[in-house]
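Chemist: My structure is stored as target-v7.txt, with compact mmCIF, C-alpha atoms.
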```
# COMPACT_ATOMS: atom_id res chain seq x y z
CA MET G 2 123.00 77.85 67.39
CA GLU G 3 123.89 79.72 64.21
CA LYS G 4 126.47 82.43 64.80
CA LYS G 5 125.14 85.84 63.81
CA THR G 6 127.04 88.54 61.95
CA PRO G 7 127.88 91.45 64.29
CA ASN G 8 125.59 94.37 63.51
CA VAL G 9 125.63 97.54 65.62
CA ARG G 10 122.49 98.84 63.88
CA ALA G 11 120.56 95.99 65.49
CA LEU G 12 120.93 97.84 68.80
CA ALA G 13 118.94 100.82 67.49
CA PRO G 14 115.84 99.86 69.57
CA ILE G 15 117.86 100.31 72.77
CA LEU G 16 119.03 103.72 71.60
CA VAL G 17 115.47 104.74 70.75
CA PHE G 18 114.28 103.61 74.17
CA LEU G 19 117.08 105.48 75.97
CA VAL G 20 116.54 108.71 74.04
CA LEU G 21 112.79 108.58 74.57
CA TYR G 22 112.76 107.53 78.23
CA LEU G 23 115.92 109.26 79.47
CA GLY G 24 115.21 112.37 77.40
CA SER G 25 111.68 112.80 78.74
CA GLY G 26 112.92 112.11 82.27
CA ILE G 27 115.57 114.82 82.10
CA TYR G 28 113.13 117.25 80.51
CA TYR G 29 110.37 116.80 83.10
CA GLU G 30 112.72 116.49 86.07
CA TYR G 31 115.14 119.37 85.43
CA ILE G 32 113.94 121.55 82.54
CA ARG G 33 110.19 121.69 83.01
CA PRO G 34 109.36 119.85 86.27
CA ARG G 35 105.76 118.89 86.96
CA SER G 36 104.43 119.70 90.42
CA GLY G 37 103.94 116.62 92.58
CA GLN G 38 105.28 114.18 89.98
CA MET G 39 108.73 112.64 89.55
CA GLY G 40 110.08 113.58 86.12
CA PHE G 41 111.44 110.14 85.28
CA TYR G 42 107.99 108.62 85.76
CA VAL G 43 106.06 110.91 83.44
CA MET G 44 106.91 108.77 80.43
CA SER G 45 105.68 105.22 81.02
CA VAL G 46 108.49 102.68 80.62
CA VAL G 47 105.96 100.40 78.89
CA VAL G 48 105.20 103.02 76.23
CA ALA G 49 108.91 103.67 75.66
CA PHE G 50 109.56 99.94 75.17
CA MET G 51 106.56 99.63 72.84
CA VAL G 52 108.03 102.30 70.58
CA ALA G 53 111.43 100.58 70.72
CA LEU G 54 109.84 97.24 69.81
CA VAL G 55 108.15 98.85 66.79
CA VAL G 56 111.58 100.08 65.68
CA ALA G 57 112.92 96.52 66.06
CA PHE G 58 110.12 95.20 63.84
CA LEU G 59 110.85 97.82 61.17
CA GLN G 60 114.47 96.65 60.92
CA ASN G 61 115.80 93.81 58.78
CA PRO G 62 113.30 93.58 55.88
CA LYS G 63 114.82 90.20 54.94
CA LEU G 64 112.64 88.64 57.63
CA SER G 65 108.88 88.67 57.11
CA PHE G 66 106.51 89.94 59.79
CA ASP G 67 105.44 86.38 60.63
CA GLU G 68 109.07 85.32 61.02
CA LYS G 69 109.70 88.20 63.39
CA ILE G 70 106.63 87.23 65.42
CA HIS G 71 108.07 83.70 65.64
CA VAL G 72 111.39 85.09 66.92
CA CYS G 73 109.57 87.14 69.57
CA ALA G 74 107.48 84.14 70.62
CA GLY G 75 110.67 82.15 71.11
CA GLY G 76 112.00 84.80 73.47
CA ILE G 77 108.77 85.15 75.44
CA GLY G 78 108.32 81.37 75.63
CA ASP G 79 111.71 80.76 77.23
CA ASP G 80 111.35 78.65 80.40
CA ASN G 81 113.10 81.22 82.57
CA ILE G 82 110.90 84.06 81.32
CA THR G 83 107.76 82.01 82.08
CA ILE G 84 108.97 81.12 85.58
CA MET G 85 109.90 84.77 86.17
CA LEU G 86 106.39 85.95 85.27
CA PHE G 87 104.75 83.42 87.61
CA ILE G 88 107.04 84.41 90.48
CA PHE G 89 106.27 88.08 89.89
CA LEU G 90 102.56 87.29 90.30
CA MET G 91 103.06 85.34 93.51
CA ALA G 92 105.44 87.94 94.94
CA GLY G 93 102.86 90.64 94.21
CA ALA G 94 100.11 88.68 95.97
CA PHE G 95 102.31 88.12 99.02
CA SER G 96 103.45 91.74 99.16
CA GLY G 97 99.88 93.02 98.90
CA ILE G 98 98.36 90.88 101.64
CA ALA G 99 101.42 91.16 103.90
CA GLN G 100 101.30 94.95 103.92
CA ALA G 101 97.51 95.07 104.23
CA SER G 102 97.67 92.79 107.28
CA GLY G 103 99.99 95.26 109.02
CA GLY G 104 103.04 93.04 108.87
CA ALA G 105 105.45 95.65 107.51
CA THR G 106 104.82 98.27 110.21
CA SER G 107 104.60 95.68 113.00
CA THR G 108 107.94 94.18 111.99
CA ALA G 109 109.62 97.59 111.90
CA TYR G 110 108.11 98.82 115.16
CA MET G 111 108.90 95.60 117.00
CA LEU G 112 112.58 95.93 116.06
CA LEU G 113 112.64 99.66 116.83
CA ASN G 114 111.41 99.04 120.38
CA ILE G 115 114.45 96.92 121.25
CA ILE G 116 117.28 99.10 119.89
CA PRO G 117 119.57 101.01 122.29
CA PRO G 118 119.04 104.82 122.04
CA ASN G 119 122.79 105.47 121.85
CA PHE G 120 123.12 103.29 118.76
CA ALA G 121 119.91 104.19 116.96
CA ILE G 122 121.59 104.91 113.61
CA PRO G 123 123.57 101.66 113.20
CA CYS G 124 120.54 99.74 114.47
CA LEU G 125 118.31 101.48 111.91
CA PHE G 126 120.72 100.27 109.24
CA LEU G 127 120.35 96.68 110.47
CA ILE G 128 116.57 97.00 110.70
CA ALA G 129 116.42 98.34 107.14
CA CYS G 130 118.52 95.35 106.01
CA LEU G 131 116.20 92.84 107.70
CA ILE G 132 112.92 94.44 106.65
CA SER G 133 113.94 94.85 103.01
CA MET G 134 115.10 91.22 102.91
CA ALA G 135 111.76 90.09 104.34
CA MET G 136 109.63 92.45 102.21
CA GLY G 137 111.68 92.16 99.04
CA THR G 138 111.34 95.88 98.32
CA SER G 139 113.67 98.78 99.05
CA VAL G 140 110.99 101.40 98.33
CA GLY G 141 108.59 99.81 100.83
CA THR G 142 111.31 99.74 103.49
CA ILE G 143 112.19 103.38 102.89
CA THR G 144 108.54 104.39 103.11
CA VAL G 145 108.17 102.66 106.49
CA LEU G 146 111.43 103.81 108.11
CA VAL G 147 112.22 107.32 106.80
CA PRO G 148 109.42 109.00 108.83
CA ILE G 149 111.04 107.56 111.98
CA VAL G 150 114.38 109.04 110.95
CA PHE G 151 113.05 112.54 111.78
CA VAL G 152 112.85 111.65 115.47
CA VAL G 153 116.28 110.00 115.49
CA ALA G 154 118.02 112.86 113.67
CA ASN G 155 116.50 115.63 115.78
CA SER G 156 116.90 113.96 119.16
CA ALA G 157 120.46 112.74 118.54
CA GLY G 158 121.64 115.97 116.90
CA LEU G 159 122.58 114.19 113.67
CA SER G 160 122.35 115.29 110.05
CA LEU G 161 119.01 114.33 108.49
CA PRO G 162 120.55 113.43 105.08
CA PHE G 163 123.02 111.22 106.97
CA CYS G 164 120.22 109.36 108.75
CA VAL G 165 118.17 109.01 105.56
CA GLY G 166 121.21 107.73 103.66
CA THR G 167 121.70 105.08 106.34
CA VAL G 168 118.18 103.73 105.85
CA VAL G 169 118.49 103.81 102.04
CA GLY G 170 121.73 101.82 102.26
CA GLY G 171 120.15 99.16 104.46
CA ALA G 172 117.13 99.00 102.16
CA MET G 173 119.34 98.39 99.13
CA PHE G 174 121.28 95.64 100.99
CA GLY G 175 118.11 93.66 101.68
CA ASP G 176 116.55 94.27 98.29
CA ASN G 177 119.71 93.02 96.61
CA LEU G 178 119.72 89.76 98.62
CA SER G 179 116.01 89.07 99.21
CA PHE G 180 114.64 85.90 97.63
CA ILE G 181 111.32 87.56 96.83
CA SER G 182 112.78 90.76 95.37
CA ASP G 183 111.95 91.28 91.70
CA THR G 184 115.62 92.05 91.04
CA THR G 185 116.70 88.69 92.46
CA ILE G 186 113.99 86.91 90.49
CA ALA G 187 115.03 88.64 87.25
CA ALA G 188 118.77 88.13 87.82
CA THR G 189 118.54 84.41 88.56
CA LYS G 190 115.99 83.51 85.92
CA THR G 191 117.75 85.35 83.09
CA GLN G 192 120.88 83.31 83.92
CA GLY G 193 119.09 80.04 84.66
CA VAL G 194 120.47 79.57 88.19
CA GLU G 195 118.98 78.82 91.60
CA MET G 196 118.26 81.71 93.96
CA LYS G 197 120.12 80.07 96.85
CA ASP G 198 123.27 79.70 94.69
CA LYS G 199 123.15 83.34 93.61
CA PHE G 200 122.55 84.31 97.26
CA ARG G 201 125.74 82.58 98.40
CA VAL G 202 127.87 84.33 95.79
CA ASN G 203 126.14 87.66 96.39
CA PHE G 204 126.34 87.39 100.18
CA HIS G 205 130.12 87.02 100.18
CA ILE G 206 130.35 90.34 98.32
CA ALA G 207 127.62 92.29 100.12
CA LEU G 208 128.40 91.21 103.69
CA PRO G 209 131.86 92.86 103.90
CA ALA G 210 130.37 96.12 102.59
CA ALA G 211 127.58 95.92 105.18
CA ILE G 212 130.01 95.14 108.03
CA ILE G 213 132.27 98.09 107.16
CA THR G 214 129.22 100.35 106.84
CA PHE G 215 128.00 99.20 110.26
CA ALA G 216 131.44 99.91 111.77
CA ILE G 217 131.42 103.44 110.31
CA LEU G 218 127.94 104.04 111.74
CA ILE G 219 129.04 102.74 115.15
CA ALA G 220 131.88 105.28 115.09
CA PHE G 221 129.40 108.07 114.28
CA ALA G 222 127.06 106.85 117.03
CA MET G 223 129.83 107.00 119.65
CA THR G 224 130.51 110.65 118.83
CA GLY G 225 126.84 111.65 118.50
CA GLY G 226 124.04 112.06 121.03
CA SER G 227 121.41 109.63 122.28
CA ALA G 228 118.19 109.36 120.28
CA ASP G 229 114.88 109.86 122.08
CA LEU G 230 112.83 107.02 120.63
CA GLN G 231 109.19 106.69 121.60
CA HIS G 232 107.41 103.40 122.16
CA TYR G 233 105.82 102.13 118.96
CA GLN G 234 102.70 99.96 119.01
CA TYR G 235 102.95 96.65 117.16
CA ASN G 236 101.41 93.18 116.94
CA VAL G 237 103.98 90.40 117.14
CA TRP G 238 101.69 87.96 115.33
CA GLN G 239 101.51 90.25 112.31
CA ALA G 240 105.32 90.28 112.10
CA ILE G 241 105.68 86.49 112.16
CA PRO G 242 104.89 85.86 108.42
CA TYR G 243 107.80 88.10 107.35
CA PHE G 244 110.27 86.24 109.54
CA VAL G 245 108.91 82.86 108.38
CA VAL G 246 109.35 83.85 104.73
CA LEU G 247 112.85 85.20 105.44
CA LEU G 248 113.98 82.03 107.26
CA ALA G 249 112.36 79.70 104.69
CA SER G 250 114.10 81.56 101.87
CA LEU G 251 117.47 81.34 103.60
CA CYS G 252 116.93 77.58 104.05
CA GLY G 253 116.69 77.24 100.27
CA ILE G 254 113.04 76.17 100.08
CA ASN G 255 111.47 76.53 96.63
CA VAL G 256 110.36 80.12 96.07
CA PHE G 257 106.86 79.09 94.95
CA ILE G 258 106.35 77.20 98.21
CA VAL G 259 107.77 80.08 100.24
CA LEU G 260 105.53 82.70 98.62
CA GLY G 261 102.45 80.47 98.63
CA CYS G 262 102.78 79.55 102.31
CA GLY G 263 103.70 83.15 103.19
CA THR G 264 100.55 84.45 101.50
CA ILE G 265 98.34 81.92 103.29
CA LEU G 266 100.02 82.65 106.64
CA CYS G 267 99.53 86.40 106.20
CA GLY G 268 95.87 85.81 105.45
CA ILE G 269 95.39 83.63 108.54
CA VAL G 270 97.21 86.09 110.82
CA GLY G 271 95.33 89.06 109.35
CA LEU G 272 91.96 87.38 109.89
CA ALA G 273 92.92 86.29 113.41
CA THR G 274 94.12 89.76 114.48
CA GLY G 275 91.25 91.58 112.79
CA SER G 276 93.44 93.57 110.40
CA LEU G 277 91.89 91.74 107.43
CA THR G 278 88.56 90.37 106.37
CA ILE G 279 88.11 87.78 103.65
CA ALA G 280 87.08 90.53 101.25
CA THR G 281 90.01 92.84 102.06
CA ALA G 282 92.44 89.90 101.91
CA PHE G 283 91.46 89.05 98.34
CA SER G 284 91.40 92.73 97.44
CA ALA G 285 94.92 93.23 98.83
CA MET G 286 96.22 90.24 96.88
CA GLY G 287 94.66 91.67 93.74
CA GLU G 288 96.26 95.07 94.31
CA GLY G 289 99.62 93.41 94.92
CA THR G 290 99.51 91.46 91.67
CA LYS G 291 98.27 94.57 89.86
CA ASN G 292 101.40 96.41 91.03
CA MET G 293 103.47 93.76 89.23
CA PHE G 294 101.70 94.14 85.89
CA GLU G 295 104.02 96.85 84.59
CA THR G 296 107.09 94.79 85.47
CA MET G 297 105.58 91.74 83.75
CA ILE G 298 104.68 93.71 80.60
CA VAL G 299 108.19 95.17 80.49
CA THR G 300 109.62 91.65 80.81
CA ILE G 301 107.55 90.47 77.83
CA LEU G 302 108.46 93.50 75.71
CA VAL G 303 112.18 93.25 76.54
CA ALA G 304 112.18 89.50 75.83
CA SER G 305 110.65 90.19 72.41
CA MET G 306 112.97 93.09 71.61
CA GLY G 307 116.00 91.17 72.85
CA SER G 308 115.18 88.17 70.67
CA LEU G 309 114.97 90.37 67.58
CA MET G 310 118.24 92.17 68.41
CA ARG G 311 119.98 88.83 68.92
CA GLU G 312 118.57 87.58 65.61
CA TYR G 313 119.83 90.70 63.84
CA GLY G 314 123.35 90.36 65.31
CA GLY G 315 123.19 93.07 67.99
CA PHE G 316 124.31 90.82 70.85
CA GLU G 317 127.15 89.48 68.73
CA TRP G 318 128.35 93.05 68.18
CA ILE G 319 128.44 93.67 71.95
CA LEU G 320 130.41 90.44 72.44
CA GLN G 321 132.84 91.42 69.71
CA THR G 322 133.35 94.85 71.30
CA ILE G 323 134.12 93.27 74.67
CA ARG G 324 136.49 90.79 73.00
CA ASN G 325 138.34 93.67 71.35
CA HIS G 326 138.85 95.46 74.66
CA SER G 327 139.46 92.48 76.90
CA ARG G 328 140.34 88.87 76.30
CA THR G 329 140.15 87.82 79.93
CA ARG G 330 137.39 86.48 82.14
CA ARG G 331 137.78 89.45 84.49
CA GLY G 332 137.31 91.81 81.57
CA GLY G 333 134.11 89.97 80.70
CA MET G 334 132.83 90.40 84.26
CA LEU G 335 133.64 94.10 84.22
CA GLY G 336 131.85 94.34 80.89
CA ILE G 337 128.74 92.74 82.42
CA GLY G 338 128.87 95.14 85.35
CA LEU G 339 129.33 98.21 83.16
CA LEU G 340 126.53 97.12 80.81
CA THR G 341 124.10 96.68 83.72
CA ALA G 342 125.16 99.95 85.35
CA LEU G 343 124.60 101.91 82.13
CA MET G 344 121.17 100.30 81.68
CA ASP G 345 120.18 101.30 85.20
CA ILE G 346 121.50 104.84 84.86
CA ALA G 347 119.45 105.16 81.68
CA THR G 348 116.22 103.57 82.93
CA ALA G 349 116.30 104.52 86.65
CA ASN G 350 114.79 101.10 87.33
CA ASN G 351 116.98 98.22 88.51
CA THR G 352 114.55 95.47 87.53
CA VAL G 353 114.21 96.82 83.99
CA ALA G 354 118.00 97.18 83.77
CA ILE G 355 118.47 93.53 84.77
CA VAL G 356 115.83 92.28 82.34
CA MET G 357 117.48 94.26 79.53
CA ALA G 358 121.06 93.30 80.39
CA GLY G 359 120.34 89.70 81.40
CA PRO G 360 120.28 87.98 77.97
CA ILE G 361 123.39 89.85 76.80
CA ALA G 362 125.15 89.07 80.10
CA LYS G 363 124.33 85.40 79.61
CA ASP G 364 126.02 85.39 76.21
CA ILE G 365 129.06 87.18 77.67
CA SER G 366 129.34 84.67 80.52
CA THR G 367 129.23 81.78 78.04
CA GLU G 368 131.84 83.44 75.84
CA PHE G 369 134.28 84.11 78.70
CA GLY G 370 133.57 81.03 80.84
CA ILE G 371 132.05 82.99 83.72
CA ASP G 372 130.06 81.04 86.30
CA PRO G 373 126.35 81.90 85.70
CA ARG G 374 125.89 82.26 89.46
CA LYS G 375 128.55 84.96 89.44
CA THR G 376 126.89 86.63 86.46
CA ALA G 377 123.51 86.70 88.22
CA SER G 378 125.18 88.21 91.27
CA LEU G 379 127.02 90.83 89.20
CA ILE G 380 123.99 92.13 87.34
CA ASP G 381 121.98 92.34 90.56
CA ILE G 382 124.78 94.07 92.48
CA PHE G 383 125.66 96.63 89.80
CA SER G 384 122.00 97.52 89.29
CA CYS G 385 121.62 97.86 93.07
CA ILE G 386 124.63 100.17 93.33
CA CYS G 387 123.47 102.52 90.57
CA GLN G 388 119.82 102.46 91.59
CA GLY G 389 120.79 103.35 95.15
CA ILE G 390 122.96 106.29 94.09
CA ILE G 391 121.32 108.04 91.14
CA PRO G 392 119.42 111.11 92.45
CA TYR G 393 116.50 110.54 90.06
CA GLY G 394 115.86 106.92 91.07
CA ALA G 395 112.66 106.05 92.95
CA GLN G 396 114.52 105.17 96.15
CA LEU G 397 116.26 108.52 96.65
CA LEU G 398 113.36 110.55 95.29
CA ILE G 399 110.86 108.96 97.68
CA ALA G 400 113.25 109.20 100.64
CA ALA G 401 113.96 112.85 99.87
CA SER G 402 110.26 113.61 99.42
CA ILE G 403 109.32 112.12 102.80
CA ALA G 404 112.26 113.79 104.58
CA LYS G 405 111.69 117.09 102.73
CA ILE G 406 115.31 117.35 101.60
CA THR G 407 116.97 117.12 98.18
CA SER G 408 117.95 113.72 96.83
CA VAL G 409 121.42 115.05 95.97
CA SER G 410 122.07 115.90 99.64
CA ILE G 411 121.71 112.19 100.55
CA ILE G 412 124.35 110.92 98.09
CA PRO G 413 127.48 111.68 100.21
CA PHE G 414 126.08 109.50 103.01
CA LEU G 415 125.37 106.38 100.93
CA PHE G 416 128.29 104.52 102.52
CA TYR G 417 126.96 101.04 101.79
CA GLN G 418 126.50 101.58 98.04
CA PHE G 419 130.01 102.99 97.59
CA LEU G 420 131.57 100.23 99.68
CA LEU G 421 129.59 97.61 97.75
CA LEU G 422 131.13 98.97 94.53
CA VAL G 423 134.61 98.57 96.02
CA CYS G 424 133.82 95.04 97.22
CA VAL G 425 132.39 93.85 93.90
CA ILE G 426 135.41 95.19 91.98
CA ILE G 427 137.73 93.41 94.42
CA SER G 428 135.71 90.21 93.97
CA ILE G 429 136.23 90.45 90.20
CA ILE G 430 139.97 91.05 90.57
CA VAL G 431 140.55 88.11 92.95
CA ASP G 432 138.06 85.77 91.27
CA ARG G 433 139.56 82.39 90.49
CA PRO G 434 139.23 80.87 87.01
CA VAL G 435 136.40 78.38 86.62
CA ARG G 436 136.60 75.93 83.74
CA ALA G 437 133.64 75.96 81.40
CA GLN G 438 133.32 72.16 81.64
CA ARG G 439 132.99 72.35 85.41
CA ILE G 440 130.30 75.06 85.14
CA THR G 441 128.32 73.03 82.61
CA LYS G 442 128.60 69.84 84.66
CA ASP G 443 127.49 71.66 87.83
CA LEU G 444 124.40 73.13 86.15
CA GLU G 445 123.51 69.80 84.55
CA ASN G 446 123.72 68.05 87.92
CA LYS G 447 121.33 70.65 89.41
CA LYS G 448 118.84 70.11 86.58
CA VAL G 449 118.96 66.34 87.07
CA SER G 450 118.48 66.63 90.83
```
Output the file's structure in the form of structure tokens.
Modeler:
Amino acid sequence: MEKKTPNVRALAPILVFLVLYLGSGIYYEYIRPRSGQMGFYVMSVVVAFMVALVVAFLQNPKLSFDEKIHVCAGGIGDDNITIMLFIFLMAGAFSGIAQASGGATSTAYMLLNIIPPNFAIPCLFLIACLISMAMGTSVGTITVLVPIVFVVANSAGLSLPFCVGTVVGGAMFGDNLSFISDTTIAATKTQGVEMKDKFRVNFHIALPAAIITFAILIAFAMTGGSADLQHYQYNVWQAIPYFVVLLASLCGINVFIVLGCGTILCGIVGLATGSLTIATAFSAMGEGTKNMFETMIVTILVASMGSLMREYGGFEWILQTIRNHSRTRRGGMLGIGLLTALMDIATANNTVAIVMAGPIAKDISTEFGIDPRKTASLIDIFSCICQGIIPYGAQLLIAASIAKITSVSIIPFLFYQFLLLVCVIISIIVDRPVRAQRITKDLENKKVS
């Protein structure tokens, strides 16, 4: 591949996007808030990226319009982008029919009925971890569990923000590791690695943070009161598809097979239990895929914009900047983490942040000899940390809205996110060098097999 001349002006589309999206978010969230609407979701992320893409097309007059279209088509037509789009569709169909069949609430209520009242808070953390891993969505998990937190907080005499923060932490743990999460899909496909390989690397970082969080919550539970939990009605059959998908994913079965079989199983269970009809099953699948459309459009726009910025030398400028500040592999990993974190802080959307940072992170990992599996793990983890902490992100805003508290009041109790940051930094510091030849050989062997 021809080496491009570093050009900071090539990154202008990103700046335009950030000013437009972040600026409107701050304006409508803090300066002139709109009743009943989250400020950072007034400006559509699709519209902001469309404007940024127009700016990218207006740059570099040396290339004709047709040549720029060809560059964009190359980015959109990348194998990993195509696979990512197909997985988004299947994940949407599964999510839609699974929730319509009652699987999400049945899974949560079944687990809630077996937890000890004295340890309701640490158990809620574990339940949030399991449900978000099975559902692949932190927002969905928060929506299901936060209403239950009212009962736990009041009956056990615990702080409501503390209880809500516990659920948000567990939701972010599962979303970060789930095989059907859009963040996992984006992280692995932008780096060209298998989900199971990224999971192994990610798990070794996330598990210590989760264990320490659980220990802290146990300590709080021992000093607090006993929660008065009521008996929740559930259907065990409706919960089975989630556990099947979770176990199949952990076994390393192809994600297309997992999602396809999970969707069919949800449909069968829903029809058998009467929670679905054939008409509502197809309608739910359609709604699920429709919910993925914005993410898919953003992926296409970012792939186009990224291809043009790479062609103009923008990515090369980022690489040169990182080289100037660090000549080590660890510095490259920190650069990847910082890049992803800044993208998430600016966009308030972890999937968008990963899609934006992914191609640049891939170039950085090649430059510094970083294992692509590690890179995929880093961009997913750093986006998860920031998304789970920023007070204007969907997760905290929705949790705060349901609990009728401020999102800022939850931040001090986000133990898992802060511990995950410590663990990922430690993993970078103690990471052993991996030779580029070994990385290449390993990836080639996987492609052959």
Chemist: Considering all atoms listed in the file, can you say which of G:Ser284, G:Ile323, G:Ser410, G:Leu309 comes closest to Glu68 (chain G)?
Modeler: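 Comparing G:Ser284, G:Ile323, G:Ser410, G:Leu309 against Glu68 (chain G), the winner is G:Leu309.
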Chemist: Find the axis-aligned box for region 182-189 of chain G, covering all its listed atoms and adding 8 Å on each side, and write its centre and edge lengths in Å to one decimal as AutoDock Vina command-line options.
Modeler:
```
--center_x 115.4 --center_y 88.2 --center_z 91.3 --size_x 22.8 --size_y 23.6 --size_z 24.1
```
Chemist: Taking all atoms listed in the file into account, which of G:Ile361, G:Phe151, G:Asn177, G:Val43 comes nearest Ile406 (chain G)?
Modeler: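 Result for the nearest residue to Ile406 (chain G): G:Phe151.
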Chemist: For Leu218 (chain G), which residue among G:Thr322, G:Thr278, G:Thr167, G:Ser65 is the nearest when counting only C-alpha atoms?
Modeler: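 Checking each candidate against Leu218 (chain G), we get G:Thr167 as the closest.
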Chemist: Using only C-alpha atoms, which of G:Ala74, G:Ala101, G:Thr108, G:Ser96 sits nearest Val237 (chain G)?
Modeler: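 Selected residue with least distance to Val237 (chain G): G:Thr108.
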Chemist: Report the distance between CA of Ile391 (chain G) and CA of Ser45 (chain G) in Å, rounded to one decimal place.
Modeler: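 Spanning CA of Ile391 (chain G) to CA of Ser45 (chain G) is a straight-line distance of 18.8 Å.
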Chemist: So what do you get for CA of Met357 (chain G) versus CA of Gly307 (chain G), distance-wise?
Modeler: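 CA of Met357 (chain G) sits 7.5 Å away from CA of Gly307 (chain G).
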Chemist: Nearest to Ser327 (chain G): which of G:Met293, G:Arg311, G:Gln234, G:Glu368 is it, counting only C-alpha atoms?
Modeler: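 Residue with the minimum atom-to-atom distance to Ser327 (chain G): G:Glu368.
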Chemist: Hey, which of G:Met286, G:Leu90, G:Leu379, G:Leu420 ends up closest to Phe257 (chain G)? Count all atoms listed in the file.
Modeler: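 So, comparing all the options, the nearest one is G:Leu90.
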Chemist: One decimal, in Å: what's the spacing between CA of Met310 (chain G) and CA of Gly76 (chain G)?
Modeler: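 Those two atoms sit 10.9 Å apart.
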Chemist: Need to verify the contact set: Leu125 (chain G), 10 Å, only C-alpha atoms, exclusion of same-chain residues closer than 3 positions in sequence. Can you return it as a ChimeraX atom specification?
Modeler: /G:109,112-113,116,120-122,128-131,146-147,149-150,153,164-165,167-168,171,218
Chemist: Would you mind listing what lies within 9 Å of region 191-206 of chain G as a PyMOL selection string, with all atoms listed in the file counted and same-chain residues fewer than 5 positions away left out?
Modeler: chain G and resi 80-82+85+177-180+185-186+250-256+355-356+359-360+362-363+373-379+381-382+421+424-425+427-428+444+447
Chemist: Between region 155-247 of chain G and region 269-272 of chain G, at 12 Å or less, what are the per-residue closest atom pairs and their distances in Å? Count only C-alpha atoms, order by chain and rising residue number, and return it as JSON lines.
Modeler:
```
{"residue": "G:Asn236", "atom": "CA", "partner": "G:Val270", "partner_atom": "CA", "distance": 10.3}
{"residue": "G:Val237", "atom": "CA", "partner": "G:Val270", "partner_atom": "CA", "distance": 10.2}
{"residue": "G:Trp238", "atom": "CA", "partner": "G:Val270", "partner_atom": "CA", "distance": 6.6}
{"residue": "G:Gln239", "atom": "CA", "partner": "G:Val270", "partner_atom": "CA", "distance": 6.2}
{"residue": "G:Ala240", "atom": "CA", "partner": "G:Val270", "partner_atom": "CA", "distance": 9.2}
{"residue": "G:Ile241", "atom": "CA", "partner": "G:Val270", "partner_atom": "CA", "distance": 8.6}
{"residue": "G:Pro242", "atom": "CA", "partner": "G:Val270", "partner_atom": "CA", "distance": 8.0}
{"residue": "G:Tyr243", "atom": "CA", "partner": "G:Val270", "partner_atom": "CA", "distance": 11.3}
```
Chemist: I'd like the contact shell of Ala172 (chain G) - 8 Å cut-off, only C-alpha atoms, skipping same-chain residues fewer than 4 positions apart - returned as a PyMOL selection string.
Modeler: chain G and resi 129-130+132-133+138-140+142-143+168+176
Chemist: For the residues in that selection, give me C-alpha atoms as a compact mmCIF listing (two decimals), in the coordinates of the input.
Modeler:
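The file below, out-v3.txt, is the result:
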```txt
# COMPACT_ATOMS: atom_id res chain seq x y z
CA ALA G 129 116.42 98.34 107.14
CA CYS G 130 118.52 95.35 106.01
CA ILE G 132 112.92 94.44 106.65
CA SER G 133 113.94 94.85 103.01
CA THR G 138 111.34 95.88 98.32
CA SER G 139 113.67 98.78 99.05
CA VAL G 140 110.99 101.40 98.33
CA THR G 142 111.31 99.74 103.49
CA ILE G 143 112.19 103.38 102.89
CA VAL G 168 118.18 103.73 105.85
CA ASP G 176 116.55 94.27 98.29
```
Chemist: Taking (123.9, 94.7, 65.4) in the file's coordinates, which residues come within 9 Å, counting only C-alpha atoms, written as a list of chain:residue names?
Modeler: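 These residues have at least one counted atom within 9 Å: G:Thr6, G:Pro7, G:Asn8, G:Val9, G:Arg10, G:Ala11, G:Leu12, G:Ala13, G:Met310, G:Arg311, G:Glu312, G:Tyr313, G:Gly314, G:Gly315, G:Phe316, G:Glu317, G:Trp318, G:Ile319.
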